[in-house]
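Novice: My structure is stored as entry.cif, with mmCIF, C-alpha atoms and all ligand atoms.
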data_my_file
loop_
_atom_site.label_atom_id
_atom_site.label_comp_id
_atom_site.auth_asym_id
_atom_site.auth_seq_id
_atom_site.Cartn_x
_atom_site.Cartn_y
_atom_site.Cartn_z
CA MET A 1 -3.54 -94.01 13.82
CA ALA A 2 -6.46 -95.87 12.25
CA LYS A 3 -6.19 -96.78 8.57
CA LYS A 4 -9.10 -94.60 7.56
CA GLU A 5 -7.73 -91.63 9.42
CA ARG A 6 -4.35 -92.05 7.76
CA LYS A 7 -5.95 -92.06 4.29
CA THR A 8 -7.77 -88.81 4.94
CA ARG A 9 -4.63 -87.35 6.49
CA ALA A 10 -2.59 -88.24 3.44
CA ARG A 11 -4.72 -85.95 1.29
CA LYS A 12 -4.39 -83.00 3.61
CA PRO A 13 -1.21 -81.02 3.05
CA TYR A 14 1.45 -81.36 5.73
CA ARG A 15 1.89 -78.09 7.55
CA ILE A 16 5.55 -77.42 8.24
CA ALA A 17 6.76 -74.55 10.40
CA VAL A 18 10.14 -73.28 9.24
CA ILE A 19 12.51 -71.52 11.63
CA GLY A 20 15.71 -70.48 9.85
CA GLY A 21 17.09 -69.05 13.08
CA ASP A 22 20.61 -67.68 13.42
CA GLY A 23 23.80 -67.64 11.40
CA THR A 24 23.91 -70.18 8.61
CA GLY A 25 20.53 -71.63 9.68
CA PRO A 26 18.46 -69.75 7.07
CA GLU A 27 20.97 -70.65 4.31
CA VAL A 28 20.82 -74.38 4.91
CA VAL A 29 17.07 -74.48 5.50
CA ARG A 30 16.54 -72.76 2.14
CA GLU A 31 18.32 -75.67 0.44
CA GLY A 32 16.33 -78.18 2.46
CA LEU A 33 13.12 -76.58 1.21
CA LYS A 34 14.28 -77.03 -2.40
CA VAL A 35 14.67 -80.71 -1.65
CA LEU A 36 11.26 -80.82 0.04
CA ALA A 37 9.68 -79.39 -3.11
CA ALA A 38 11.40 -82.06 -5.21
CA ALA A 39 10.32 -84.82 -2.83
CA ALA A 40 6.71 -83.62 -2.84
CA GLU A 41 6.67 -83.61 -6.66
CA THR A 42 8.08 -87.10 -7.05
CA CYS A 43 6.33 -88.74 -4.12
CA THR A 44 3.06 -86.83 -4.65
CA PHE A 45 2.27 -85.39 -1.28
CA ALA A 46 1.13 -81.86 -0.56
CA TYR A 47 2.58 -79.52 2.00
CA GLU A 48 2.48 -75.93 3.17
CA THR A 49 5.22 -74.05 4.94
CA ARG A 50 5.19 -70.96 7.10
CA GLN A 51 8.36 -69.12 8.02
CA PHE A 52 8.92 -67.91 11.57
CA ASP A 53 11.61 -65.28 12.14
CA PHE A 54 12.74 -66.25 15.66
CA SER A 55 16.42 -65.42 15.99
CA GLY A 56 19.07 -63.54 17.92
CA ALA A 57 18.77 -60.67 15.46
CA ARG A 58 15.03 -60.36 16.15
CA TYR A 59 15.60 -60.56 19.89
CA LEU A 60 18.08 -57.67 19.71
CA ALA A 61 15.89 -55.64 17.33
CA ARG A 62 13.01 -55.87 19.80
CA GLY A 63 15.11 -54.48 22.62
CA GLY A 64 16.48 -57.75 23.98
CA ASP A 65 19.44 -57.27 26.31
CA PRO A 66 22.48 -59.06 24.84
CA ALA A 67 23.79 -59.84 28.33
CA LYS A 68 20.73 -61.13 30.18
CA PRO A 69 17.26 -62.21 29.08
CA ASN A 70 14.81 -59.30 29.52
CA ILE A 71 12.18 -60.16 26.90
CA PRO A 72 11.01 -63.54 25.60
CA VAL A 73 12.88 -64.84 22.56
CA ILE A 74 9.57 -66.34 21.42
CA THR A 75 6.18 -65.51 22.87
CA ASP A 76 3.52 -67.80 24.29
CA GLU A 77 1.31 -66.91 21.32
CA GLU A 78 4.05 -68.01 18.94
CA ILE A 79 4.40 -71.33 20.76
CA ALA A 80 0.63 -71.75 20.52
CA ALA A 81 0.83 -71.02 16.77
CA LEU A 82 3.61 -73.59 16.33
CA LYS A 83 1.47 -76.22 18.02
CA THR A 84 -0.94 -76.18 15.06
CA PHE A 85 1.76 -77.52 12.70
CA ASP A 86 2.66 -81.11 11.79
CA ALA A 87 6.41 -80.60 12.12
CA ILE A 88 9.04 -77.93 12.69
CA TYR A 89 12.09 -77.53 10.47
CA LEU A 90 14.82 -75.60 12.28
CA GLY A 91 18.08 -74.17 10.94
CA ALA A 92 20.26 -73.11 13.87
CA VAL A 93 20.22 -71.28 17.17
CA GLY A 94 23.11 -69.19 18.55
CA ASP A 95 24.32 -65.64 17.89
CA PRO A 96 27.74 -64.29 18.91
CA ASN A 97 26.13 -60.93 19.77
CA VAL A 98 23.91 -62.49 22.43
CA ALA A 99 25.35 -64.03 25.60
CA PRO A 100 25.48 -67.83 25.60
CA GLY A 101 22.34 -69.38 27.01
CA ILE A 102 19.80 -66.67 26.19
CA LEU A 103 18.78 -67.93 22.76
CA GLU A 104 19.53 -71.56 23.56
CA LYS A 105 17.26 -71.48 26.60
CA GLY A 106 14.75 -68.99 25.19
CA LEU A 107 14.23 -70.77 21.90
CA LEU A 108 15.71 -74.23 21.40
CA LEU A 109 15.43 -75.64 24.91
CA ARG A 110 12.08 -73.91 25.46
CA LEU A 111 10.63 -75.60 22.38
CA ARG A 112 12.11 -78.98 23.31
CA PHE A 113 10.60 -78.71 26.80
CA GLU A 114 7.24 -77.11 26.02
CA LEU A 115 6.54 -79.41 23.11
CA ASP A 116 7.73 -82.31 25.29
CA GLN A 117 10.14 -83.51 22.62
CA TYR A 118 11.62 -86.05 24.97
CA ILE A 119 13.73 -87.85 22.39
CA ASN A 120 16.70 -86.40 20.60
CA LEU A 121 17.37 -88.88 17.83
CA ARG A 122 20.79 -88.69 16.20
CA PRO A 123 21.76 -91.26 13.62
CA VAL A 124 25.49 -91.77 13.19
CA LYS A 125 25.73 -93.01 9.64
CA LEU A 126 28.74 -92.77 7.37
CA TYR A 127 27.50 -92.27 3.83
CA PRO A 128 29.35 -93.96 0.96
CA GLY A 129 32.17 -91.92 -0.50
CA VAL A 130 32.56 -89.82 2.63
CA ARG A 131 36.06 -89.79 4.07
CA CYS A 132 35.97 -91.21 7.57
CA LEU A 133 38.39 -89.77 10.11
CA LEU A 134 38.81 -93.27 11.55
CA ALA A 135 41.48 -95.13 9.62
CA GLY A 136 40.21 -98.31 8.01
CA LYS A 137 36.53 -97.74 8.81
CA GLY A 138 33.83 -97.56 6.16
CA PRO A 139 30.04 -97.20 5.83
CA GLU A 140 29.53 -100.79 7.04
CA ASP A 141 31.32 -99.92 10.30
CA VAL A 142 29.75 -96.58 11.14
CA ASP A 143 25.98 -97.04 11.20
CA PHE A 144 24.28 -96.72 14.55
CA VAL A 145 21.80 -94.44 16.23
CA ILE A 146 21.94 -92.47 19.47
CA VAL A 147 18.74 -91.91 21.43
CA ARG A 148 19.42 -88.96 23.71
CA GLU A 149 16.91 -88.05 26.42
CA ASN A 150 15.89 -84.46 25.67
CA THR A 151 13.90 -82.90 28.51
CA GLU A 152 15.70 -83.66 31.79
CA ASP A 153 19.12 -84.07 33.34
CA LEU A 154 21.46 -81.07 33.62
CA TYR A 155 19.21 -79.27 31.12
CA THR A 156 16.33 -78.61 33.52
CA GLY A 157 18.10 -75.51 34.81
CA MET A 158 17.80 -76.62 38.44
CA GLY A 159 20.50 -75.29 40.69
CA GLY A 160 21.77 -71.93 41.72
CA VAL A 161 24.62 -69.71 42.75
CA GLN A 162 25.51 -68.07 46.05
CA TYR A 163 28.07 -65.41 46.92
CA LYS A 164 28.58 -64.69 43.26
CA GLY A 165 31.80 -62.92 42.38
CA THR A 166 33.35 -63.53 45.77
CA ALA A 167 36.02 -65.97 46.81
CA HIS A 168 33.25 -68.00 48.46
CA GLU A 169 31.15 -68.40 45.34
CA VAL A 170 29.20 -71.66 45.27
CA ALA A 171 27.53 -72.93 42.09
CA ALA A 172 25.40 -76.05 41.66
CA GLN A 173 23.72 -77.45 38.57
CA ILE A 174 21.60 -80.46 39.26
CA MET A 175 21.44 -83.62 37.20
CA CYS A 176 17.76 -84.32 37.66
CA ASN A 177 16.06 -87.34 36.16
CA THR A 178 12.63 -88.82 36.78
CA ARG A 179 11.53 -92.43 36.55
CA ARG A 180 8.87 -91.41 34.04
CA GLY A 181 11.33 -89.45 31.91
CA VAL A 182 13.94 -92.18 31.92
CA GLU A 183 11.45 -94.94 31.29
CA ARG A 184 9.74 -93.35 28.29
CA CYS A 185 13.12 -92.68 26.69
CA ILE A 186 14.37 -96.21 27.29
CA ARG A 187 11.13 -97.66 25.93
CA TYR A 188 11.45 -95.56 22.77
CA ALA A 189 15.02 -96.84 22.35
CA PHE A 190 14.03 -100.50 22.73
CA ASP A 191 11.21 -100.05 20.20
CA LEU A 192 13.52 -98.31 17.75
CA CYS A 193 16.20 -100.98 18.18
CA ARG A 194 13.60 -103.65 17.44
CA ARG A 195 12.66 -101.91 14.17
CA ARG A 196 16.26 -101.48 13.01
CA ARG A 197 17.79 -104.12 10.78
CA ASP A 198 20.92 -104.48 12.86
CA LYS A 199 22.32 -106.49 15.77
CA LYS A 200 19.24 -106.10 18.03
CA GLN A 201 21.47 -104.67 20.70
CA LEU A 202 20.71 -101.66 22.87
CA THR A 203 23.59 -100.06 24.77
CA LEU A 204 22.87 -97.91 27.81
CA VAL A 205 25.53 -95.22 28.20
CA HIS A 206 25.91 -93.57 31.59
CA LYS A 207 28.37 -93.26 34.46
CA THR A 208 27.03 -95.60 37.12
CA ASN A 209 30.41 -95.84 38.85
CA VAL A 210 30.23 -92.18 39.87
CA LEU A 211 26.62 -91.03 39.40
CA THR A 212 25.31 -93.58 41.85
CA TYR A 213 21.83 -92.01 42.10
CA VAL A 214 20.96 -90.94 38.58
CA GLY A 215 23.05 -93.67 36.94
CA ASP A 216 21.38 -96.27 39.09
CA LEU A 217 17.91 -95.00 38.12
CA TRP A 218 18.85 -95.40 34.45
CA PHE A 219 20.45 -98.79 35.01
CA ARG A 220 17.55 -100.30 36.94
CA THR A 221 14.94 -98.90 34.58
CA PHE A 222 16.92 -100.17 31.59
CA ASN A 223 16.99 -103.70 32.97
CA GLU A 224 13.37 -103.70 34.11
CA VAL A 225 12.03 -102.42 30.78
CA GLY A 226 14.47 -104.70 28.99
CA GLU A 227 12.67 -107.74 30.40
CA GLU A 228 9.82 -106.85 28.04
CA TYR A 229 12.19 -107.04 25.07
CA PRO A 230 13.74 -110.52 25.25
CA ASP A 231 14.75 -110.23 21.58
CA ILE A 232 17.03 -107.25 22.30
CA ALA A 233 20.46 -107.82 23.83
CA ARG A 234 21.24 -105.39 26.65
CA ASP A 235 24.66 -103.81 26.80
CA TYR A 236 26.10 -101.14 29.10
CA ASN A 237 29.03 -98.71 28.69
CA HIS A 238 30.32 -95.99 30.95
CA VAL A 239 30.30 -92.77 28.93
CA ASP A 240 34.08 -92.39 28.92
CA ALA A 241 34.50 -95.95 27.65
CA CYS A 242 31.80 -95.27 25.05
CA CYS A 243 33.93 -92.43 23.63
CA MET A 244 36.78 -94.87 23.32
CA TRP A 245 34.69 -97.59 21.62
CA MET A 246 33.02 -95.14 19.25
CA VAL A 247 36.47 -94.33 17.90
CA LYS A 248 38.00 -97.79 18.16
CA ASN A 249 35.09 -100.10 17.27
CA PRO A 250 32.11 -98.11 16.02
CA GLU A 251 30.82 -101.28 14.36
CA SER A 252 30.09 -102.72 17.82
CA TYR A 253 27.07 -100.39 18.21
CA ASP A 254 23.50 -100.70 17.00
CA THR A 255 21.36 -98.41 19.21
CA ILE A 256 22.62 -96.32 22.13
CA VAL A 257 20.37 -94.75 24.78
CA THR A 258 21.67 -92.11 27.16
CA GLY A 259 20.89 -89.03 29.25
CA ASN A 260 20.70 -85.50 27.93
CA MET A 261 24.18 -84.23 28.80
CA PHE A 262 26.12 -87.35 27.87
CA GLY A 263 24.03 -87.53 24.72
CA ASP A 264 24.94 -83.97 23.81
CA ILE A 265 28.61 -84.79 24.07
CA ILE A 266 28.76 -88.19 22.43
CA THR A 267 26.63 -87.06 19.49
CA ASP A 268 29.25 -84.47 18.56
CA LEU A 269 31.79 -87.27 18.58
CA GLY A 270 29.33 -89.28 16.51
CA ALA A 271 29.03 -86.41 14.04
CA MET A 272 32.80 -86.40 13.55
CA ILE A 273 33.03 -90.10 12.81
CA GLN A 274 30.22 -89.87 10.26
CA GLY A 275 32.02 -87.17 8.29
CA GLY A 276 31.53 -84.00 10.34
CA MET A 277 28.96 -81.34 11.12
CA GLY A 278 28.26 -80.91 7.41
CA ILE A 279 26.22 -84.11 7.37
CA ALA A 280 24.98 -84.72 10.95
CA ALA A 281 21.22 -84.39 11.43
CA GLY A 282 18.94 -84.83 14.39
CA GLY A 283 15.33 -84.87 15.42
CA ASN A 284 13.73 -83.56 18.61
CA ILE A 285 10.87 -85.99 18.79
CA ASN A 286 7.62 -86.12 20.66
CA PRO A 287 6.39 -89.53 19.49
CA CYS A 288 2.76 -88.50 20.02
CA GLY A 289 3.05 -84.81 19.27
CA LEU A 290 4.96 -82.17 17.39
CA SER A 291 8.60 -82.89 16.47
CA MET A 292 11.37 -80.58 15.32
CA PHE A 293 14.25 -81.44 13.01
CA GLU A 294 17.58 -79.70 12.71
CA PRO A 295 21.14 -80.05 11.49
CA ILE A 296 23.16 -80.47 14.69
CA GLY A 297 26.07 -78.23 13.71
CA GLY A 298 24.88 -74.89 15.08
CA SER A 299 24.88 -71.43 13.55
CA ALA A 300 28.54 -71.34 12.37
CA PRO A 301 28.98 -67.53 12.62
CA LYS A 302 32.30 -67.54 10.78
CA TYR A 303 30.69 -69.05 7.67
CA THR A 304 27.49 -67.01 7.76
CA GLY A 305 26.41 -65.36 4.52
CA ARG A 306 29.32 -66.72 2.51
CA GLY A 307 27.44 -69.50 0.73
CA VAL A 308 30.02 -72.08 1.76
CA ILE A 309 28.22 -74.05 4.46
CA ASN A 310 27.22 -77.63 3.69
CA PRO A 311 23.42 -78.01 3.58
CA LEU A 312 23.46 -81.83 3.58
CA ALA A 313 22.95 -81.98 7.36
CA ALA A 314 19.82 -79.84 7.01
CA ILE A 315 18.72 -82.02 4.10
CA GLY A 316 19.28 -85.09 6.29
CA ALA A 317 17.11 -83.44 8.96
CA LEU A 318 14.45 -83.00 6.31
CA ALA A 319 14.62 -86.73 5.52
CA MET A 320 14.06 -87.46 9.22
CA LEU A 321 11.11 -85.06 9.24
CA LEU A 322 9.55 -86.81 6.26
CA ARG A 323 9.95 -90.20 7.93
CA GLU A 324 8.37 -88.95 11.14
CA VAL A 325 5.31 -87.35 9.50
CA GLY A 326 4.68 -90.56 7.55
CA GLU A 327 6.43 -90.27 4.17
CA PRO A 328 9.03 -93.06 4.40
CA ALA A 329 9.40 -93.39 0.62
CA ALA A 330 10.20 -89.70 0.31
CA ALA A 331 12.62 -89.98 3.25
CA ASP A 332 14.42 -92.89 1.55
CA ARG A 333 14.64 -90.93 -1.67
CA VAL A 334 16.13 -87.90 0.06
CA GLU A 335 18.65 -90.08 1.88
CA ALA A 336 19.63 -91.73 -1.38
CA ALA A 337 20.12 -88.27 -2.87
CA ILE A 338 22.39 -87.29 0.03
CA ALA A 339 24.43 -90.44 -0.55
CA TYR A 340 24.63 -89.64 -4.27
CA VAL A 341 25.75 -86.05 -3.74
CA SER A 342 28.28 -86.89 -1.05
CA ALA A 343 29.71 -89.89 -2.91
CA ARG A 344 29.65 -88.60 -6.48
CA LYS A 345 29.81 -84.82 -6.34
CA LEU A 346 31.36 -83.20 -3.27
CA LYS A 347 35.13 -82.96 -2.92
CA SER A 348 34.75 -82.72 0.85
CA LEU A 349 31.90 -82.29 3.29
CA ALA A 350 33.68 -79.41 5.04
CA ALA A 351 32.47 -75.82 4.73
CA GLY A 352 34.28 -74.03 1.91
CA LYS A 353 35.86 -77.22 0.59
CA MET A 354 32.91 -78.86 -1.12
CA GLY A 355 33.81 -77.71 -4.61
CA TYR A 356 30.31 -76.19 -4.80
CA SER A 357 28.41 -73.41 -3.06
CA THR A 358 25.65 -74.06 -0.52
CA ALA A 359 22.98 -73.32 -3.15
CA GLU A 360 24.66 -75.58 -5.73
CA VAL A 361 24.71 -78.49 -3.29
CA GLY A 362 21.00 -77.88 -2.63
CA ASP A 363 20.34 -77.93 -6.38
CA LEU A 364 22.35 -81.13 -6.79
CA ALA A 365 20.37 -82.81 -4.01
CA ALA A 366 16.99 -81.60 -5.32
CA ASN A 367 17.90 -82.81 -8.79
CA ALA A 368 19.00 -86.19 -7.42
CA VAL A 369 15.63 -86.50 -5.64
CA ARG A 370 13.77 -85.67 -8.87
CA LYS A 371 15.74 -88.26 -10.84
CA GLY A 372 15.83 -90.85 -8.05
CA LEU A 373 19.65 -90.98 -8.15
CA LYS A 374 21.57 -93.22 -5.75
CA ALA A 375 25.25 -93.47 -4.80
C1 LIG A 401 22.64 -79.50 20.60
C2 LIG A 401 23.20 -78.19 21.08
C3 LIG A 401 22.29 -77.66 22.17
C4 LIG A 401 22.29 -78.66 23.30
C5 LIG A 401 22.65 -76.26 22.66
C6 LIG A 401 22.70 -75.27 21.53
C7 LIG A 401 21.74 -75.79 23.76
O1 LIG A 401 24.50 -78.34 21.49
O2 LIG A 401 21.52 -79.51 20.08
O3 LIG A 401 23.34 -80.51 20.73
O4 LIG A 401 23.15 -78.61 24.19
O5 LIG A 401 21.43 -79.53 23.30
MN MN A 402 25.31 -80.31 21.19
#
Show this structure as structure tokens.
Specialist:
Amino acid sequence: MAKKERKTRARKPYRIAVIGGDGTGPEVVREGLKVLAAAAETCTFAYETRQFDFSGARYLARGGDPAKPNIPVITDEEIAALKTFDAIYLGAVGDPNVAPGILEKGLLLRLRFELDQYINLRPVKLYPGVRCLLAGKGPEDVDFVIVRENTEDLYTGMGGVQYKGTAHEVAAQIMCNTRRGVERCIRYAFDLCRRRRDKKQLTLVHKTNVLTYVGDLWFRTFNEVGEEYPDIARDYNHVDACCMWMVKNPESYDTIVTGNMFGDIITDLGAMIQGGMGIAAGGNINPCGLSMFEPIGGSAPKYTGRGVINPLAAIGALAMLLREVGEPAAADRVEAAIAYVSARKLKSLAAGKMGYSTAEVGDLAANAVRKGLKA
């Protein structure tokens, strides 16, 4: 973006679409919005929000079949409306009253695909004062970032079933990757790795010893693109070995790049080693378009409506949103506030064990942003 353009842009309020979604989503997003208000006050930027009520409850209320998708979870017009925003802030998707897949495909995956959010960025960062499940590891050991491809792979929905319900049933789900899709993801990861103040090491995670077609496409593309980044050391792990190293030597990582399915799995492991779902945030990023930020923990039906869920993950997602739209100082301030609250205030990051309610944690974080508190 040209300098002049950026100046004009800075005066226009950011337009943020807010989708609370299912379960605890609305509860945590509400706290994130408190923190956004505090960040806007202290870092002097303007913003507007608009709430969208997409959810499992709305799907059912409109006559959606809980067992199979019969109406759209969100309409084409709603997608068109979303496209006019600068960013999307999402709570959670998933409702126990709707069969698995309907809301995930109809809402979350549809947005990721239609908005071409081809990066799923998931930092794995242990904040100070947070108890790490890995014995002897601290914040200096657990600080890396996973770049997960977000629009291809097993998520395209390619495949099918034959002879369903019979003894001869055949089911196939295809791991489909394209050169273009792999290359743009790998390029993003190299660029990100270059910007990070770390080891300048990018690790490709795949399974080239078994997935000899798709794995090979990733491996060759990684090495070809890598030639353009002589300052970045290239490293490769099979995904099973990566799980082992993440637990044994998390400090050996800087930036990881991987496919959609492996990325889904290893980022849950990443969330656990950074203190759990209460703090893990992610961004669905279209580097030249509209991005969407969310806590990665899901809708947590058993905690819904009880005011016990930890909103720090959603607040972390907000920090990522602020960084992406171009407010790095505000993002830093929010991250510092998360570190302050987790190190100085919370007894635990786990739902129901924080020593505070969801709303109280939101207030603590917003207050820390206003005062510029750090851990
Ligand atoms: C995630 C979730 C989603 C995914 C589900 C809800 C479709 O697990 O964001 O990691 O698999 O990507
Ligand atoms: Mn997941």
Novice: Hey, which residues sit close to ligand MN 402 (chain A)? Say within 7 Å, counting only C-alpha atoms and all ligand atoms, and write them as a list in words.
Specialist: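 Those residues are Asp264, Ile265, Asp268 and Ile296 of chain A.
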Novice: Put a box with edges along x, y and z around all the listed atoms of ligand LIG 401 (chain A), pad it by 3 Å on each side, then give me its centre and sizes in Å, one decimal, as JSON.
Specialist:
{"center_x": 23.0, "center_y": -77.9, "center_z": 22.1, "size_x": 9.1, "size_y": 11.2, "size_z": 10.1}
Novice: One decimal, Å: what's the distance from CA of Gly32 (chain A) over to CA of Val18 (chain A), could you say?
Specialist: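 Separation between CA of Gly32 (chain A) and CA of Val18 (chain A): 10.4 Å.
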Novice: Which polymer residues have any atom within 7 Å of an atom of Ser299 (chain A), counting all atoms listed in the file, with same-chain residues fewer than 5 positions away left out, as a list in words?
Specialist: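 The residues that qualify are Asp22, Gly23, Thr24, Gly25, Ala92, Val93 and Gly94 of chain A.
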Novice: So that I can check the surroundings of Leu121 (chain A), please list as a ChimeraX atom specification every protein, DNA and RNA residue that reaches within 12 Å of it, counting all atoms listed in the file and ignoring chain neighbours fewer than 6 positions away.
Specialist: /A:144-150,185,188-189,192,255-260,263-264,267,280-287,291-296,317,320-321,324
Novice: For a quick check of understanding, using only C-alpha atoms and all ligand atoms, which of A:Ala330, A:Leu373, A:Leu269, A:Val325 has the smallest distance to ligand LIG 401 (chain A)?
Specialist: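 That would be A:Leu269, the residue with the smallest distance to ligand LIG 401 (chain A).
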Novice: Can you list, as an mmCIF file with C-alpha atoms, in the frame of the given file, every protein, DNA or RNA residue that comes within 12 Å of Asp198 (chain A) when you count only C-alpha atoms, leaving out same-chain residues fewer than 5 positions away?
Specialist:
data_model
loop_
_atom_site.group_PDB
_atom_site.id
_atom_site.type_symbol
_atom_site.label_atom_id
_atom_site.label_comp_id
_atom_site.auth_asym_id
_atom_site.auth_seq_id
_atom_site.Cartn_x
_atom_site.Cartn_y
_atom_site.Cartn_z
ATOM 1 C CA GLU A 140 29.530 -100.790 7.040
ATOM 2 C CA ASP A 141 31.320 -99.920 10.300
ATOM 3 C CA VAL A 142 29.750 -96.580 11.140
ATOM 4 C CA ASP A 143 25.980 -97.040 11.200
ATOM 5 C CA PHE A 144 24.280 -96.720 14.550
ATOM 6 C CA VAL A 145 21.800 -94.440 16.230
ATOM 7 C CA LEU A 192 13.520 -98.310 17.750
ATOM 8 C CA CYS A 193 16.200 -100.980 18.180
ATOM 9 C CA ILE A 232 17.030 -107.250 22.300
ATOM 10 C CA ALA A 233 20.460 -107.820 23.830
ATOM 11 C CA GLU A 251 30.820 -101.280 14.360
ATOM 12 C CA SER A 252 30.090 -102.720 17.820
ATOM 13 C CA TYR A 253 27.070 -100.390 18.210
ATOM 14 C CA ASP A 254 23.500 -100.700 17.000
ATOM 15 C CA THR A 255 21.360 -98.410 19.210
#
Novice: Provide the CA of Pro128 (chain A) to CA of Arg196 (chain A) distance in Å, to one decimal place.
Specialist: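 Straight-line distance from CA of Pro128 (chain A) to CA of Arg196 (chain A) works out to 19.3 Å.
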Novice: Give the answer as one residue: which of A:Val334, A:Ala61, A:Asp235, A:Lys374 has the shortest atom-to-atom distance to Ala39 (chain A), using only C-alpha atoms?
Specialist: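 The shortest atom-to-atom distance to Ala39 (chain A) comes from A:Val334.
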Novice: What is the CA of Gly276 (chain A) to CA of Tyr127 (chain A) distance in Å?
Specialist: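 Atom-to-atom, CA of Gly276 (chain A) to CA of Tyr127 (chain A), that is 11.3 Å.
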Novice: Could you give me region 88-105 of chain A completed to N, CA and C atoms, formatted as a compact mmCIF listing (two decimals), keeping the file's coordinate frame?
Specialist:
# COMPACT_ATOMS: atom_id res chain seq x y z
N ILE A 88 8.24 -79.16 12.72
CA ILE A 88 9.04 -77.93 12.69
C ILE A 88 10.39 -78.25 12.04
N TYR A 89 10.80 -77.37 11.14
CA TYR A 89 12.09 -77.53 10.47
C TYR A 89 12.95 -76.34 10.90
N LEU A 90 14.02 -76.64 11.64
CA LEU A 90 14.82 -75.60 12.28
C LEU A 90 16.23 -75.55 11.69
N GLY A 91 16.72 -74.33 11.48
CA GLY A 91 18.08 -74.17 10.94
C GLY A 91 19.14 -74.22 12.04
N ALA A 92 19.24 -73.16 12.82
CA ALA A 92 20.26 -73.11 13.87
C ALA A 92 19.91 -72.04 14.89
N VAL A 93 20.43 -72.24 16.09
CA VAL A 93 20.22 -71.28 17.17
C VAL A 93 21.58 -70.92 17.77
N GLY A 94 21.84 -69.62 17.94
CA GLY A 94 23.11 -69.19 18.55
C GLY A 94 23.65 -67.98 17.79
N ASP A 95 23.87 -66.88 18.52
CA ASP A 95 24.32 -65.64 17.89
C ASP A 95 25.46 -65.07 18.74
N PRO A 96 26.61 -64.79 18.12
CA PRO A 96 27.74 -64.29 18.91
C PRO A 96 27.47 -62.95 19.60
N ASN A 97 26.44 -62.22 19.14
CA ASN A 97 26.13 -60.93 19.77
C ASN A 97 25.21 -61.06 20.98
N VAL A 98 24.79 -62.26 21.29
CA VAL A 98 23.91 -62.49 22.43
C VAL A 98 24.62 -63.49 23.36
N ALA A 99 24.61 -63.18 24.65
CA ALA A 99 25.35 -64.03 25.60
C ALA A 99 24.88 -65.48 25.52
N PRO A 100 25.84 -66.42 25.67
CA PRO A 100 25.48 -67.83 25.60
C PRO A 100 24.35 -68.17 26.58
N GLY A 101 23.41 -68.94 26.12
CA GLY A 101 22.34 -69.38 27.01
C GLY A 101 21.02 -68.69 26.75
N ILE A 102 21.06 -67.42 26.33
CA ILE A 102 19.80 -66.67 26.19
C ILE A 102 18.95 -67.26 25.07
N LEU A 103 19.55 -67.40 23.89
CA LEU A 103 18.78 -67.93 22.76
C LEU A 103 18.58 -69.44 22.90
N GLU A 104 19.62 -70.10 23.40
CA GLU A 104 19.53 -71.56 23.56
C GLU A 104 18.38 -71.91 24.49
N LYS A 105 18.34 -71.20 25.65
CA LYS A 105 17.26 -71.48 26.60
C LYS A 105 15.94 -70.91 26.12
